[in-house]
Structures are given as C-alpha cells and as structure tokens.
Amino acid sequence: MEFDIQKAIQKIENLPTFSQAGRRALAMLSEPNVNQDDLAIIIKSDQALTAKILAAVNSPVFSLQREISNLGEALRFLGLSETRKMVFVATTHFLFGGTQDYKTWQHAILSATIAEKLSETCIEQINKNDAYLAGLLHDVGKTFIEKIVPVVYRQVLPSLTQEMGRLNAELSLFGMDHTEIGGMMLDSWNFNEQFVNAVSYHHSPVFAFANPLGHLVWVTNQTAHLDDHEASDDGKITTRTIEFLGLHSINQLEDIKNKAQVEVDIFLKKMEALL
Ligand SMILES: [Fe+2]
Ligand SMILES: [Fe+2]
C-alpha cells in the first residue's frame with residue numbers, strides 16, 4: 001500500500017504557505033536591535049496575525065484592567081520576548097491547525113523551547129530564534145502526512161510503527177518519511193540549507209552533525225523524547241554532543257527538558273486565544 005505523497009508535495013498548491021508578514025516579522029525579531037514601531041507596521045500588514053495577537057493579549061490569562069485595541073500598545077505590553085514567541089506560534093500554527101494529533105503540536109513547542117535553551121550554552125554560535133524555529137518545525141512533515149492521508153495516518157501508521165519503527169513504517173506506506181517531506185517543505189518555503197538539512201536529518205546523527213543547527217535539532221528531539229524512548233533508534237547522546245552543547249553532564253538535559261516543559265505548559269495556556 002503506497003500513497004503518492006511525492007506527487008502531492010510536488011503540487012505546490014497543496015503545501016501550506018507562510019504568511020509573508022509573518023516571515024518578515026520573524027526575520028526582524030532575529031536581529032539584535034528590534035525597532036518595535038517597524039515590527040508593528042509589518043505585523044499590521046497581516047490582519048489575521050494582528051487579530052490573533054490582540055485576541056491573545058486581551059484573553060483572561062493576561063488579566064488586563066482594560067482592553068488593548070492598538071497593536072503597538074499590545075507589543076509594548078508583551079515585550080519583545082513574549083511577542084517573538086507569539087509571532088512564531090501564530091505564524092506556524094496553521095501548519096498544525098488541522099492536526100488531530102495534539103501531541104505533535106505540544107512536541108513542536110516543547111522542542112522549540114528546548115532548542116532555544118540549548119542554543120544559549122552551545123559552543124557553536126546558533127541564533128536562538130533559529131534554534132526555536134527549527135525545533136518548532138522539525139516534525140512538520142508529520143503534519144503534512146496527516147493532512148494528505150488522515151485516515152491512514154491515524155489508523156494504519158501507528159500499528160505499522162510498532163512493528164517496524166516510525167520511519168520504516170512511513171517509508172513503506174508513502175515511499176518517503178516525515179524527515180524528507182519536512183525538508184522538502186522548508187525548501188519550498190525558501191529556508192536556507194542549514195534549516196532544510198536540520199529538518200531532513202533530525203533522526204540521522206551522521207548527517208545531522210554536518211551542521212551545528214542539525215546537531216542541535218537532533219539532540220533537541222532526543223531530549224524531548226527522554227521519557228518515552230521514541231527516539232532511541234536515532235543513536236545515543238555521547239560526550240561529543242554534551243561538549244558541543246557546552247554542558248558537563250548528560251543529566252543536565254533532563255533538567256533542561258523539565259524546565260522547558262513547565263514553561264511550555266504556561267505558554268500554551270497563554271496561546272489558547274491565539275490558536
Ligand atoms: Fe521526527
Ligand atoms: Fe520530533
């Protein structure tokens with residue numbers, strides 16, 4: 001049983017597209033000095049994004065005394081760090097929006113948060129926003145498969161995965177696995193090679209380690225799966241990776257994951273109004 005995912009992915013109209021304003025805002029938020037007024041102008045050019053941010057700010061989670069209806073004021077209230085995460089999530093959630101698999105969405109946010117934390121100590125210079133975005137998108141191929149063949153994804157894939165592992169199950173059903181599909185998607189969105197490779201090889205350490213972002217995304221996925229052993233076929237975390245991360249013990253990864261999980265739980269509550 002093979003479904004022609006390749007054909008589906010080649011038909012560019014089937015691919016979800018990124019909001020231009022969202023991409024520009026994300027690029028701007030990656031720069032060291034962000035001008036809030038310029039950022040507001042870019043975000044305002046995307047009505048849906050603006051509406052989502054205002055809805056999130058005015059949601060009960062922030063317990064405001066009065067409603068904020070001006071985007072500039074909303075951004076000042078949020079501050080750069082919170083704005084950045086909101087734009088990330090609001091811009092990428094459409095990829096996960098149709099997903100019945102809430103676990104995939106939670107895993108995406110957890111991975112983004114872990115990747116950002118790991119980038120802070122990593123001996124290679126990795127922009128923390130790049131780390132966050134790569135963590136968020138690394139499994140985007142899974143959501144694409146789910147969109148194209150939802151019934152197979154939910155009913156056939158899980159049992160086959162138990163039998164032969166996730167990647168082999170996808171390969172046998174679709175002729176491609178989610179890493180290859182994800183890489184193709186990022187490529188079609190004009191992400192640079194570093195990002196494309198990081199997503200394409202997040203289960204293959206040998207290739208992933210060819211670029212720092214790939215190494216970071218690989219270990220991020222391993223860390224996110226520390227409890228459930230889902231990534232146990234993807235190689236073991238060795239001293240080389242611990243040194244790369246600027247850490248001194250593998251046990252620190254568990255602490256980082258736990259801290260990230262606490263942040264993610266709070267963050268997802270704040271994001272409810274935005275999704
Ligand atoms: Fe994956
Ligand atoms: Fe993953």
# chains A, B, ... in the order shown; residues from 1 in each chain; ligands from 1
>>> residues_near_ligand(ligand="ligand 1", cutoff="9 Å", atoms="only C-alpha atoms and all ligand atoms", output="count of residues only")
15
>>> select_by_dssp(residues="region 29-224 of chain A", states="alpha helix (DSSP H)", output="ChimeraX atom specification")
/A:29,36-44,47-57,71-97,102-121,128-137,140-148,150-151,157-164,166-174,178-188,193-200,205-208,212-224
>>> closest_residue(among="A:Ala90, A:Ala48, A:Leu80, A:Leu64", to="Asn33 (chain A)", atoms="only C-alpha atoms")
A:Leu80
>>> residues_around(residues="Asp227 (chain A)", least_positions_apart="3", cutoff="12 Å", atoms="only C-alpha atoms", output="list in words")
Asn221, Gln222, Thr223, Ala224, Glu230, Ala231, Ser232, Leu253, Glu254, Lys257 and Asn258 of chain A
>>> residues_around(residues="Ala210 (chain A)", least_positions_apart="2", cutoff="12 Å", atoms="only C-alpha atoms", output="PyMOL selection string")
chain A and resi 193-195+197-198+200-202+204-208+212-218
>>> residues_around(residues="Ile123 (chain A)", least_positions_apart="3", cutoff="9 Å", atoms="only C-alpha atoms", output="JSON, numbers by chain")
{"A": [119, 120, 126, 243, 244, 245, 246]}
>>> write_last_selection(atoms="C-alpha atoms", output="JSON list (two decimals), in the first residue's frame")
[["chain", "number", "residue", "atom", "x", "y", "z"],
["A", 119, "SER", "CA", 21.48, 27.24, 21.90],
["A", 120, "GLU", "CA", 22.31, 29.50, 24.84],
["A", 126, "ILE", "CA", 23.47, 29.45, 16.94],
["A", 243, "GLU", "CA", 30.63, 19.10, 24.86],
["A", 244, "PHE", "CA", 29.04, 20.64, 21.77],
["A", 245, "LEU", "CA", 26.21, 21.86, 24.00],
["A", 246, "GLY", "CA", 28.67, 23.39, 26.46]]
>>> residues_around(residues="Phe77 (chain A)", least_positions_apart="6", cutoff="12 Å", atoms="only C-alpha atoms", output="list in words")
Gln36, Ile53, Leu54, Ala56, Val57, Asn58, Phe62, Leu64, Glu67, Ile68, Ser69, Asn70, Leu71 and Thr83 of chain A
>>> write_last_selection(atoms="C-alpha atoms", output="PDB file, in the first residue's frame")
ATOM      1  CA  GLN A  36       9.049  47.974  17.869  1.00  0.00           C
ATOM      2  CA  ILE A  53      -2.137  38.875  18.845  1.00  0.00           C
ATOM      3  CA  LEU A  54      -4.795  41.312  20.071  1.00  0.00           C
ATOM      4  CA  ALA A  56      -4.309  36.730  22.930  1.00  0.00           C
ATOM      5  CA  VAL A  57      -3.340  39.904  24.811  1.00  0.00           C
ATOM      6  CA  ASN A  58      -6.966  40.571  25.761  1.00  0.00           C
ATOM      7  CA  PHE A  62      -3.239  38.317  30.971  1.00  0.00           C
ATOM      8  CA  LEU A  64      -5.809  43.276  31.833  1.00  0.00           C
ATOM      9  CA  GLU A  67      -8.965  46.205  26.583  1.00  0.00           C
ATOM     10  CA  ILE A  68      -5.954  46.892  24.342  1.00  0.00           C
ATOM     11  CA  SER A  69      -7.056  47.530  20.787  1.00  0.00           C
ATOM     12  CA  ASN A  70      -3.868  49.084  19.455  1.00  0.00           C
ATOM     13  CA  LEU A  71      -1.224  46.678  18.169  1.00  0.00           C
ATOM     14  CA  THR A  83       5.969  38.979  21.173  1.00  0.00           C
TER      15      THR A  83
END
>>> atom_distance(atom1="CA of Ser111 (chain A)", atom2="CA of Tyr132 (chain A)")
7.8 Å
>>> closest_residue(among="A:Asp265, A:Asp255, A:Glu116, A:Asp234", to="ligand 2", atoms="only C-alpha atoms and all ligand atoms")
A:Asp234
